[in-house]
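Text of the file target-v2.cif, holding mmCIF, C-alpha atoms:
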```cif
data_upload
#
loop_
_atom_site.label_atom_id
_atom_site.label_comp_id
_atom_site.auth_asym_id
_atom_site.auth_seq_id
_atom_site.Cartn_x
_atom_site.Cartn_y
_atom_site.Cartn_z
CA MET A 1 17.47 -11.73 10.14
CA LYS A 2 16.44 -12.52 13.72
CA TRP A 3 13.73 -10.51 15.52
CA LYS A 4 16.04 -9.55 18.41
CA GLU A 5 18.55 -8.05 15.94
CA LEU A 6 15.99 -5.57 14.58
CA PRO A 7 16.21 -1.90 15.62
CA ARG A 8 13.55 -0.81 18.13
CA ASN A 9 11.77 1.48 15.62
CA ILE A 10 11.33 -1.41 13.19
CA LYS A 11 9.83 -3.57 15.96
CA VAL A 12 7.45 -0.80 17.06
CA ARG A 13 6.33 -0.17 13.51
CA MET A 14 5.80 -3.85 12.74
CA ILE A 15 3.87 -4.63 15.94
CA THR A 16 1.58 -1.59 15.79
CA SER A 17 0.87 -1.94 12.08
CA PHE A 18 0.15 -5.65 12.57
CA PHE A 19 -2.76 -5.02 14.92
CA ASN A 20 -3.99 -1.95 13.07
CA ARG A 21 -4.01 -3.73 9.69
CA ALA A 22 -5.64 -6.85 11.15
CA VAL A 23 -8.70 -4.78 12.01
CA SER A 24 -8.64 -2.19 9.20
CA SER A 25 -8.35 -4.86 6.49
CA ALA A 26 -11.59 -6.36 7.82
CA VAL A 27 -13.45 -3.25 6.63
CA MET A 28 -11.34 -1.20 4.17
CA PRO A 29 -11.48 -3.75 1.29
CA PHE A 30 -15.27 -3.44 1.43
CA MET A 31 -15.41 0.38 1.12
CA ALA A 32 -16.11 0.28 -2.64
CA LEU A 33 -18.88 -2.24 -2.05
CA PHE A 34 -20.22 -0.25 0.96
CA PHE A 35 -20.51 3.04 -0.94
CA ALA A 36 -21.89 1.28 -4.04
CA GLN A 37 -24.66 -0.31 -1.94
CA GLU A 38 -25.43 2.83 0.08
CA MET A 39 -25.46 5.12 -2.99
CA ASN A 40 -24.63 3.66 -6.44
CA LYS A 41 -21.62 2.45 -8.43
CA ILE A 42 -20.97 5.73 -10.27
CA TRP A 43 -21.17 7.73 -7.01
CA ALA A 44 -18.90 5.20 -5.25
CA GLY A 45 -16.32 5.26 -8.03
CA ALA A 46 -16.31 9.07 -8.28
CA PHE A 47 -16.14 9.54 -4.50
CA LEU A 48 -13.27 7.07 -4.08
CA ILE A 49 -11.37 8.67 -6.97
CA ILE A 50 -11.74 12.05 -5.24
CA THR A 51 -10.36 10.60 -1.97
CA VAL A 52 -7.36 9.16 -3.83
CA VAL A 53 -6.59 12.54 -5.43
CA ILE A 54 -6.91 14.27 -2.04
CA GLY A 55 -4.69 11.61 -0.46
CA PHE A 56 -2.00 12.07 -3.09
CA PHE A 57 -1.65 15.84 -2.65
CA ILE A 58 -1.84 15.64 1.14
CA ASN A 59 0.79 12.89 1.02
CA LEU A 60 3.20 15.30 -0.71
CA VAL A 61 2.61 17.81 2.07
CA GLY A 62 3.25 15.01 4.59
CA GLY A 63 6.60 14.21 2.96
CA TYR A 64 7.70 17.83 3.20
CA ILE A 65 6.55 18.05 6.85
CA SER A 66 8.36 14.83 7.78
CA ASP A 67 11.66 16.24 6.46
CA ARG A 68 11.15 19.65 8.09
CA PHE A 69 9.83 18.68 11.56
CA PRO A 70 10.43 15.90 14.13
CA ARG A 71 8.94 12.76 12.62
CA LYS A 72 7.73 11.37 15.93
CA LYS A 73 5.58 14.47 16.55
CA VAL A 74 4.12 14.22 13.05
CA LEU A 75 3.20 10.57 13.66
CA LEU A 76 1.68 11.22 17.08
CA THR A 77 -0.53 14.04 15.80
CA THR A 78 -1.79 12.19 12.72
CA SER A 79 -2.34 8.92 14.66
CA TRP A 80 -4.57 10.62 17.26
CA LEU A 81 -6.57 12.24 14.45
CA ASN A 82 -6.95 8.85 12.73
CA ALA A 83 -8.51 7.47 15.91
CA LEU A 84 -10.90 10.44 16.08
CA PHE A 85 -12.13 9.94 12.52
CA PHE A 86 -12.66 6.22 13.05
CA LEU A 87 -14.75 7.09 16.11
CA ILE A 88 -16.91 9.41 13.97
CA MET A 89 -17.33 6.67 11.32
CA THR A 90 -18.43 4.25 14.05
CA ILE A 91 -20.98 6.73 15.43
CA SER A 92 -22.40 7.30 11.92
CA LEU A 93 -23.20 3.57 11.64
CA LEU A 94 -25.18 3.41 14.90
CA PRO A 95 -28.57 4.69 13.60
CA ALA A 96 -30.77 2.24 11.67
CA ASP A 97 -30.31 4.41 8.57
CA ASN A 98 -26.58 5.00 8.27
CA LEU A 99 -25.50 8.65 8.35
CA ILE A 100 -23.72 8.14 5.05
CA LEU A 101 -22.64 11.78 4.54
CA LEU A 102 -21.12 11.94 8.04
CA PHE A 103 -19.37 8.63 7.35
CA ALA A 104 -18.07 9.91 3.99
CA GLY A 105 -16.80 13.13 5.62
CA ALA A 106 -14.98 11.18 8.35
CA TYR A 107 -13.55 8.84 5.71
CA ILE A 108 -12.09 11.84 3.86
CA GLY A 109 -10.68 13.09 7.20
CA PHE A 110 -9.02 9.70 7.75
CA ILE A 111 -7.54 9.78 4.21
CA ILE A 112 -6.07 13.24 4.93
CA THR A 113 -4.51 12.42 8.32
CA SER A 114 -3.18 9.00 7.29
CA SER A 115 -1.66 10.54 4.13
CA LEU A 116 0.05 13.22 6.24
CA GLY A 117 1.62 10.65 8.57
CA ARG A 118 2.59 7.89 6.16
CA PRO A 119 5.79 9.49 4.73
CA ALA A 120 7.14 10.08 8.25
CA MET A 121 6.78 6.39 9.11
CA HIS A 122 8.35 5.28 5.82
CA ALA A 123 11.26 7.67 6.40
CA ILE A 124 11.81 6.38 9.95
CA ILE A 125 11.98 2.82 8.59
CA ILE A 126 14.62 3.79 6.00
CA ASP A 127 16.53 5.74 8.71
CA SER A 128 16.57 2.58 10.85
CA THR A 129 17.85 0.18 8.17
CA THR A 130 20.99 -0.18 6.05
CA PRO A 131 21.38 -1.27 2.40
CA GLU A 132 22.71 -4.60 3.72
CA ASN A 133 19.68 -5.52 5.88
CA ARG A 134 16.97 -3.64 3.95
CA LYS A 135 15.80 -6.53 1.74
CA ALA A 136 15.51 -8.84 4.79
CA VAL A 137 13.57 -6.18 6.76
CA TYR A 138 11.20 -5.55 3.85
CA ALA A 139 10.62 -9.29 3.44
CA LEU A 140 9.77 -9.66 7.16
CA ASP A 141 7.54 -6.57 7.05
CA TYR A 142 5.83 -7.89 3.91
CA TRP A 143 5.19 -11.19 5.70
CA LEU A 144 3.72 -9.54 8.81
CA VAL A 145 1.57 -7.18 6.74
CA ASN A 146 0.03 -10.08 4.88
CA LEU A 147 -0.44 -12.19 8.01
CA SER A 148 -2.36 -9.31 9.62
CA MET A 149 -4.37 -8.78 6.43
CA ALA A 150 -5.22 -12.49 6.28
CA ILE A 151 -6.61 -12.25 9.80
CA GLY A 152 -8.48 -9.09 8.80
CA ALA A 153 -9.90 -10.66 5.64
CA ALA A 154 -11.13 -13.61 7.68
CA LEU A 155 -12.77 -11.24 10.18
CA GLY A 156 -14.31 -9.22 7.36
CA GLY A 157 -15.64 -12.25 5.52
CA LEU A 158 -17.33 -13.54 8.68
CA LEU A 159 -18.47 -10.28 10.32
CA TYR A 160 -18.73 -7.51 7.72
CA LEU A 161 -22.29 -8.18 6.52
CA ASN A 162 -23.93 -8.38 9.97
CA HIS A 163 -21.44 -6.80 12.41
CA LYS A 164 -20.08 -3.77 10.58
CA THR A 165 -20.44 -1.46 13.60
CA GLU A 166 -18.54 -3.83 15.90
CA LEU A 167 -15.68 -3.98 13.41
CA PHE A 168 -15.44 -0.18 13.36
CA MET A 169 -15.46 -0.16 17.18
CA MET A 170 -12.45 -2.50 17.13
CA LEU A 171 -10.75 -0.25 14.57
CA THR A 172 -11.31 2.81 16.77
CA PHE A 173 -9.78 0.99 19.76
CA THR A 174 -6.64 -0.17 17.92
CA SER A 175 -6.20 3.28 16.37
CA THR A 176 -6.26 4.79 19.87
CA VAL A 177 -3.60 2.39 21.20
CA ILE A 178 -1.13 3.11 18.35
CA PRO A 179 -0.20 6.73 19.26
CA ILE A 180 0.22 5.62 22.89
CA ALA A 181 2.73 2.98 21.72
CA TYR A 182 4.52 5.54 19.53
CA GLY A 183 4.77 7.95 22.46
CA ILE A 184 6.35 5.32 24.73
CA TRP A 185 8.69 3.37 22.42
CA LEU A 186 9.34 5.17 19.13
CA GLN A 187 12.75 6.87 18.84
CA ASP A 188 13.29 9.82 16.49
CA LYS A 189 17.03 9.88 15.78
CA PHE A 190 16.74 11.93 12.60
CA LYS A 191 18.95 15.02 12.88
CA ASP A 192 19.58 16.03 9.25
CA GLN A 193 16.35 18.01 8.95
CA LEU A 194 15.58 19.87 5.76
CA GLN A 195 16.08 23.62 6.13
CA LYS A 196 13.50 26.06 4.86
CA LYS A 197 14.95 27.88 1.81
CA HIS A 198 12.02 30.12 0.84
CA ASP A 199 9.72 32.33 2.90
CA ASN A 200 6.78 31.12 0.84
CA VAL A 201 5.97 27.63 2.16
CA PHE A 202 4.31 26.57 -1.10
CA ILE A 203 7.41 27.49 -3.16
CA ASP A 204 9.61 25.73 -0.60
CA LEU A 205 7.47 22.58 -0.88
CA VAL A 206 7.53 22.61 -4.70
CA ASN A 207 11.30 23.14 -4.81
CA ASN A 208 11.74 20.30 -2.34
CA TYR A 209 10.09 17.89 -4.80
CA ARG A 210 11.82 19.27 -7.87
CA ILE A 211 14.85 17.04 -7.28
CA ALA A 212 12.67 13.92 -7.02
CA PHE A 213 10.76 14.83 -10.20
CA ARG A 214 14.05 15.38 -12.04
CA ASP A 215 15.29 11.94 -10.98
CA SER A 216 14.07 10.23 -14.16
CA ALA A 217 14.93 6.69 -13.02
CA PHE A 218 13.02 7.14 -9.75
CA VAL A 219 10.06 8.64 -11.63
CA LYS A 220 10.01 5.58 -13.91
CA VAL A 221 9.93 3.21 -10.93
CA VAL A 222 7.11 5.16 -9.28
CA ALA A 223 5.06 5.35 -12.48
CA GLY A 224 5.64 1.67 -13.26
CA SER A 225 4.73 0.61 -9.72
CA THR A 226 1.48 2.56 -10.10
CA PHE A 227 0.38 0.40 -13.01
CA ILE A 228 1.57 -2.83 -11.41
CA PHE A 229 -0.19 -2.22 -8.07
CA ALA A 230 -3.40 -1.22 -9.87
CA ALA A 231 -3.98 -4.86 -10.89
CA GLU A 232 -3.90 -6.05 -7.27
CA PHE A 233 -5.92 -3.06 -6.01
CA SER A 234 -8.66 -3.80 -8.56
CA LEU A 235 -9.37 -7.02 -6.65
CA ASN A 236 -11.17 -4.99 -3.99
CA SER A 237 -12.66 -2.51 -6.48
CA TYR A 238 -13.88 -3.72 -9.86
CA ILE A 239 -13.37 -7.46 -9.28
CA GLY A 240 -15.10 -7.36 -5.87
CA ILE A 241 -18.18 -5.61 -7.26
CA ARG A 242 -18.26 -7.91 -10.31
CA LEU A 243 -18.13 -11.02 -8.11
CA ALA A 244 -20.88 -9.65 -5.85
CA GLU A 245 -23.11 -9.18 -8.90
CA THR A 246 -22.31 -12.11 -11.22
CA PHE A 247 -20.61 -14.90 -9.26
CA LYS A 248 -22.89 -17.94 -9.00
CA ALA A 249 -23.03 -19.12 -5.39
CA VAL A 250 -21.29 -22.42 -4.55
CA ASN A 251 -22.47 -24.55 -1.63
CA ILE A 252 -20.09 -26.60 0.53
CA GLY A 253 -22.39 -28.49 2.83
CA ASN A 254 -24.54 -25.83 4.48
CA PHE A 255 -21.95 -23.10 3.86
CA GLU A 256 -22.78 -20.90 0.88
CA ILE A 257 -19.97 -19.09 -0.95
CA ALA A 258 -21.52 -16.10 -2.71
CA GLY A 259 -19.70 -13.19 -4.39
CA VAL A 260 -18.66 -11.28 -1.25
CA ARG A 261 -17.38 -14.46 0.43
CA MET A 262 -15.53 -15.44 -2.76
CA LEU A 263 -13.76 -12.08 -2.60
CA SER A 264 -12.81 -12.76 1.02
CA ILE A 265 -11.52 -16.23 0.07
CA LEU A 266 -9.29 -14.73 -2.65
CA ASN A 267 -7.91 -12.17 -0.18
CA ILE A 268 -7.34 -14.87 2.46
CA GLU A 269 -5.65 -17.16 -0.10
CA ASN A 270 -3.37 -14.34 -1.21
CA MET A 271 -2.32 -13.54 2.33
CA LEU A 272 -1.95 -17.13 3.53
CA LEU A 273 0.32 -17.90 0.57
CA VAL A 274 2.43 -14.90 1.52
CA VAL A 275 2.56 -16.04 5.17
CA CYS A 276 3.60 -19.57 4.20
CA PHE A 277 6.01 -18.91 1.33
CA THR A 278 7.61 -15.44 1.78
CA PHE A 279 10.85 -16.64 3.37
CA ILE A 280 11.16 -19.72 1.13
CA ILE A 281 10.82 -17.60 -2.01
CA ASN A 282 13.07 -14.89 -0.57
CA ARG A 283 15.87 -17.46 -0.08
CA PHE A 284 15.26 -18.74 -3.61
CA THR A 285 15.44 -15.24 -5.18
CA ASP A 286 18.67 -14.51 -3.26
CA ARG A 287 20.34 -17.04 -5.57
CA LEU A 288 18.91 -15.50 -8.76
CA ASN A 289 20.00 -12.51 -10.77
CA LYS A 290 17.83 -9.61 -9.52
CA LYS A 291 16.86 -8.54 -13.03
CA ASN A 292 15.68 -12.03 -14.01
CA ALA A 293 13.84 -12.57 -10.71
CA LEU A 294 12.00 -9.25 -11.08
CA LEU A 295 10.87 -10.11 -14.62
CA ILE A 296 9.76 -13.66 -13.72
CA GLY A 297 7.76 -12.34 -10.77
CA LEU A 298 6.02 -9.61 -12.77
CA ILE A 299 5.12 -11.96 -15.65
CA LEU A 300 3.49 -14.45 -13.25
CA TYR A 301 1.75 -11.60 -11.42
CA GLY A 302 0.33 -10.23 -14.69
CA ILE A 303 -0.91 -13.60 -15.95
CA GLY A 304 -2.67 -14.21 -12.63
CA TYR A 305 -4.52 -10.90 -12.37
CA VAL A 306 -5.45 -10.75 -16.06
CA THR A 307 -7.33 -14.05 -15.59
CA VAL A 308 -8.86 -13.23 -12.20
CA THR A 309 -10.27 -9.97 -13.62
CA SER A 310 -12.79 -11.81 -15.81
CA ALA A 311 -12.95 -15.40 -14.46
CA ASN A 312 -16.20 -16.47 -12.81
CA THR A 313 -15.48 -20.09 -11.83
CA TRP A 314 -14.27 -20.71 -8.27
CA TYR A 315 -11.38 -23.06 -9.10
CA VAL A 316 -10.08 -20.84 -11.95
CA LEU A 317 -10.18 -17.82 -9.61
CA ILE A 318 -8.28 -19.71 -6.88
CA ALA A 319 -5.67 -21.18 -9.29
CA PHE A 320 -4.79 -17.91 -11.00
CA ASN A 321 -4.92 -15.95 -7.76
CA LEU A 322 -2.20 -18.38 -6.57
CA ILE A 323 -0.10 -17.64 -9.69
CA ALA A 324 -0.51 -13.87 -9.14
CA THR A 325 0.55 -14.17 -5.51
CA MET A 326 3.64 -16.22 -6.32
CA GLY A 327 4.66 -13.55 -8.81
CA GLU A 328 4.13 -10.87 -6.17
CA LEU A 329 6.29 -12.80 -3.68
CA ILE A 330 9.14 -12.92 -6.19
CA TYR A 331 9.13 -9.30 -7.37
CA SER A 332 7.96 -7.30 -4.33
CA PRO A 333 10.95 -7.48 -1.89
CA ILE A 334 13.37 -6.81 -4.77
CA ARG A 335 11.41 -3.76 -5.95
CA ASN A 336 11.03 -2.41 -2.38
CA ALA A 337 14.71 -2.74 -1.47
CA GLU A 338 16.04 -1.41 -4.78
CA GLN A 339 13.69 1.59 -4.66
CA ALA A 340 14.71 2.40 -1.05
CA ASN A 341 18.39 2.28 -2.07
CA MET A 342 17.71 5.01 -4.65
CA ILE A 343 16.61 7.59 -2.02
CA PRO A 344 19.04 10.35 -0.85
CA SER A 345 19.52 10.35 2.94
CA ASP A 346 18.44 13.99 3.49
CA LYS A 347 15.22 13.67 1.46
CA ARG A 348 13.82 10.38 2.71
CA GLY A 349 10.49 11.86 3.77
CA SER A 350 10.00 13.70 0.49
CA TYR A 351 11.13 10.80 -1.70
CA SER A 352 8.98 8.39 0.33
CA ALA A 353 5.99 10.69 -0.14
CA PHE A 354 6.71 10.92 -3.86
CA SER A 355 7.04 7.12 -4.06
CA ASN A 356 3.63 6.83 -2.40
CA LEU A 357 2.26 8.25 -5.63
CA SER A 358 2.50 4.65 -6.84
CA PHE A 359 -0.06 3.60 -4.21
CA SER A 360 -2.29 6.66 -4.68
CA GLY A 361 -2.06 6.36 -8.45
CA ALA A 362 -2.76 2.62 -8.35
CA ASP A 363 -5.76 3.27 -6.10
CA LEU A 364 -6.96 5.88 -8.59
CA VAL A 365 -6.61 3.48 -11.53
CA ALA A 366 -8.28 0.70 -9.54
CA ARG A 367 -11.20 2.93 -8.48
CA SER A 368 -11.62 4.07 -12.07
CA THR A 369 -12.07 0.42 -13.10
CA ILE A 370 -15.40 0.53 -11.20
CA ILE A 371 -16.64 3.17 -13.66
CA ILE A 372 -14.93 1.67 -16.74
CA GLY A 373 -16.27 -1.77 -15.80
CA ALA A 374 -19.82 -0.41 -15.85
CA PHE A 375 -19.41 0.02 -19.65
CA LEU A 376 -16.95 -2.75 -20.66
CA MET A 377 -17.48 -6.51 -20.52
CA PRO A 378 -15.18 -8.50 -18.16
CA THR A 379 -12.97 -9.93 -20.94
CA MET A 380 -12.18 -6.41 -22.14
CA MET A 381 -11.32 -5.46 -18.57
CA SER A 382 -8.80 -8.34 -18.59
CA VAL A 383 -7.18 -6.86 -21.71
CA TYR A 384 -7.04 -3.46 -19.96
CA ILE A 385 -5.39 -4.91 -16.82
CA GLY A 386 -2.92 -6.87 -18.97
CA PHE A 387 -1.88 -3.71 -20.82
CA ILE A 388 -1.26 -1.64 -17.67
CA VAL A 389 0.75 -4.45 -15.99
CA MET A 390 2.92 -4.82 -19.11
CA LEU A 391 3.51 -1.05 -19.21
CA GLY A 392 4.35 -1.05 -15.49
CA THR A 393 6.85 -3.90 -15.92
CA VAL A 394 8.78 -2.04 -18.64
CA LEU A 395 8.95 1.17 -16.57
CA VAL A 396 10.03 -0.49 -13.29
CA TYR A 397 12.64 -2.70 -14.96
CA THR A 398 14.26 0.14 -16.93
CA GLY A 399 14.03 2.56 -13.96
CA LEU A 400 15.67 0.26 -11.42
CA PHE A 401 18.44 -1.08 -13.58
CA ALA A 402 19.14 2.03 -15.67
CA ARG A 403 19.67 3.77 -12.30
CA ASN A 404 22.64 1.54 -11.47
CA TRP A 405 24.41 2.60 -14.67
CA THR A 406 23.53 6.28 -14.18
CA THR A 407 24.66 6.28 -10.55
CA GLY A 408 27.95 4.69 -11.57
CA LYS A 409 28.55 7.48 -14.09
CA VAL A 410 27.71 10.18 -11.55
CA ILE A 411 29.99 8.70 -8.91
CA GLU A 412 32.78 8.24 -11.44
CA GLY A 413 32.43 11.88 -12.51
CA SER A 414 32.44 13.19 -8.95
CA VAL A 415 35.50 11.10 -8.05
CA THR A 416 37.39 12.48 -11.02
CA ALA A 417 36.37 16.03 -10.17
CA SER A 418 37.48 15.70 -6.54
CA GLY A 419 40.88 14.28 -7.41
CA GLY A 420 39.99 10.72 -6.40
CA LYS A 421 38.99 11.53 -2.81
#
```

Written as structure tokens, how would this file's structure read?
Amino acid sequence: MKWKELPRNIKVRMITSFFNRAVSSAVMPFMALFFAQEMNKIWAGAFLIITVVIGFFINLVGGYISDRFPRKKVLLTTSWLNALFFLIMTISLLPADNLILLFAGAYIGFIITSSLGRPAMHAIIIDSTTPENRKAVYALDYWLVNLSMAIGAALGGLLYLNHKTELFMMLTFTSTVIPIAYGIWLQDKFKDQLQKKHDNVFIDLVNNYRIAFRDSAFVKVVAGSTFIFAAEFSLNSYIGIRLAETFKAVNIGNFEIAGVRMLSILNIENMLLVVCFTFIINRFTDRLNKKNALLIGLILYGIGYVTVTSANTWYVLIAFNLIATMGELIYSPIRNAEQANMIPSDKRGSYSAFSNLSFSGADLVARSTIIIGAFLMPTMMSVYIGFIVMLGTVLVYTGLFARNWTTGKVIEGSVTASGGK
């Protein structure tokens, strides 16, 4: 799909998120390490778990809001608040002794506002695509996301240790530009807004999600995705802290690769592979049966992350990180497109918010590995990661492809009931 053929909203979303992610991914992967160094590992793990739980519940509220109110207004409000909280985080880093409690408070504020706005953006993307072009759009978006994150990982690896404040200044600037861009170019064409059915807002919100929770196939996909994503998310949680503590530094000339830099290299490798091979692999998977391609991708992904979880040799880490990334490239666009096709048109915000449970849940599982890893040896952590990826694979596979059969039955029944119309 050519760039000029994309709807304006897709272009706006891709361009703004590219610059925002390029800067945010220079600092956000290091948050577990930052809090662990400023406080301790148990405090860091507990605090980050709390932020994930907060983010999940606020995300559900965001989904409801995005279906009830104009999505552009929701995005503008939350984007301006994001910029404000990044400014506060930057200010808290200016003193010689970081104002860690102010930083933590602003970080929670950022989690809340970004979680409120995320479902609205996801819903706008689905509104702006069709089942025919959705896989191509998701593949392009996936490519741009990883290109921006590769740039961010490179910035973080070079600047995080000694120029943390400057990175947060850049993040504050890009976060300020984004709502300006939304205000000028974003179009909100969504008309089929959800009507309030109960005077009590809480009851209305719960009833709104009841349909999504009753959609057993969709619930399976969300739950399975949670376990699958947790393996990748653990790279910047448990694996990052383990490398910082136990990885033996490797010297290339005068350049020393210690644990933190090894983590950056793995992130950069992951993203560069995505940048170079996304479209090649996407064309290859177009020729394959979707079920087989999904399974192949998830098996490779699992093998890669199971090994990276406990490996401590640079070439083993790089080789199996490559295998994990290739698996991700195969399964991810298929999972994204098939999941989007499952969402009813009048509940896109709510379903998108519910589907974000997979990210919040994966983050929760990944953060918990920091605490679990304090008691288990690395090889046992590999067994743990292998188990959750296997469980996730079973759930996603049965959820996506059982849905096709179920939908066929429902449609067949409704056609019969309506006299074939």

- Message: For a quick check of understanding, using only C-alpha atoms, which of A:Ile50, A:Leu99, A:Ile126, A:Val389 has the smallest distance to Gly349 in chain A?
- Response: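 Of A:Ile50, A:Leu99, A:Ile126, A:Val389, the one nearest Gly349 in chain A is A:Ile126, counting only C-alpha atoms.
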
Which polymer residues have any atom within 9 Å of an atom of Asn356 in chain A, counting all atoms listed in the file, with same-chain residues fewer than 2 positions away left out, as an mmCIF file with C-alpha atoms, in the coordinates of the input?
```
data_model
loop_
_atom_site.group_PDB
_atom_site.id
_atom_site.type_symbol
_atom_site.label_atom_id
_atom_site.label_comp_id
_atom_site.auth_asym_id
_atom_site.auth_seq_id
_atom_site.Cartn_x
_atom_site.Cartn_y
_atom_site.Cartn_z
ATOM 1 C CA PHE A 56 -2.000 12.070 -3.090
ATOM 2 C CA ASN A 59 0.790 12.890 1.020
ATOM 3 C CA LEU A 60 3.200 15.300 -0.710
ATOM 4 C CA ARG A 118 2.590 7.890 6.160
ATOM 5 C CA PRO A 119 5.790 9.490 4.730
ATOM 6 C CA VAL A 222 7.110 5.160 -9.280
ATOM 7 C CA TYR A 351 11.130 10.800 -1.700
ATOM 8 C CA SER A 352 8.980 8.390 0.330
ATOM 9 C CA ALA A 353 5.990 10.690 -0.140
ATOM 10 C CA PHE A 354 6.710 10.920 -3.860
ATOM 11 C CA SER A 358 2.500 4.650 -6.840
ATOM 12 C CA PHE A 359 -0.060 3.600 -4.210
ATOM 13 C CA SER A 360 -2.290 6.660 -4.680
ATOM 14 C CA GLY A 361 -2.060 6.360 -8.450
#
```

- Query: Can you list, as a PyMOL selection string, every protein, DNA or RNA residue that comes within 7 Å of Asn82 in chain A when you count all atoms listed in the file, leaving out same-chain residues fewer than 4 positions away?
  - Reply: chain A and resi 78+86+110+113-114+175

- Message: Applying 10 Å and only C-alpha atoms, which residues near Leu87 in chain A remain after dropping the ones on its own chain fewer than 6 positions away? List them as a ChimeraX atom specification.
- Response: /A:81,106,168-173,175-176

Closest-contact table, range 290-376 of chain A side, partner range 31-40 of chain A, 12 Å, counting all atoms listed in the file, as a tab-separated table:
```
residue	atom	partner	partner_atom	distance
A:Asp363	CA	A:Ala32	CA	11.3
A:Ala366	CA	A:Ala32	CA	10.4
A:Arg367	CA	A:Ala32	CA	8.1
A:Ser368	CA	A:Ala32	CA	11.1
A:Thr369	CA	A:Ala32	CA	11.2
A:Ile370	CA	A:Ala32	CA	8.6
A:Ile371	CA	A:Asn40	CA	10.8
A:Ala374	CA	A:Asn40	CA	11.3
```

- Message: Between CA of Ser79 in chain A and CA of Gln187 in chain A, what is the distance in Å, rounded to a tenth?
- Response: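 About the pair CA of Ser79 in chain A and CA of Gln187 in chain A: they are 15.8 Å apart.
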
What are the centre and edge lengths in Å, to one decimal, of the axis-aligned box around all listed atoms of range 346-356 of chain A with 5 Å added on each side, as lines of an AutoDock Vina configuration file?
```
center_x = 11.0
center_y = 10.4
center_z = -0.1
size_x = 24.8
size_y = 17.2
size_z = 17.8
```

- Name every residue that the PyMOL selection byres ((chain A and resi 148) around 10) selects in this structure, writing the answer as JSON, numbers by chain with chains first and numbers rising. {"A": [17, 18, 19, 20, 21, 22, 23, 24, 25, 26, 143, 144, 145, 146, 147, 149, 150, 151, 152, 153, 154, 271, 272, 275]}

- Message: Translate the PyMOL selection byres ((chain A and resi 334) around 12) into a concrete residue list for this structure, as a PyMOL selection string.
- Response: chain A and resi 134-139+142+281-283+285-286+288-298+327-333+335-341+396-397+400-401

- Query: Counting only C-alpha atoms, what is within 12 Å of range 378-380 of chain A, bar same-chain residues fewer than 6 positions away, as a PyMOL selection string?
  - Reply: chain A and resi 238-239+241-243+246+306-312+369-370+372+386-387
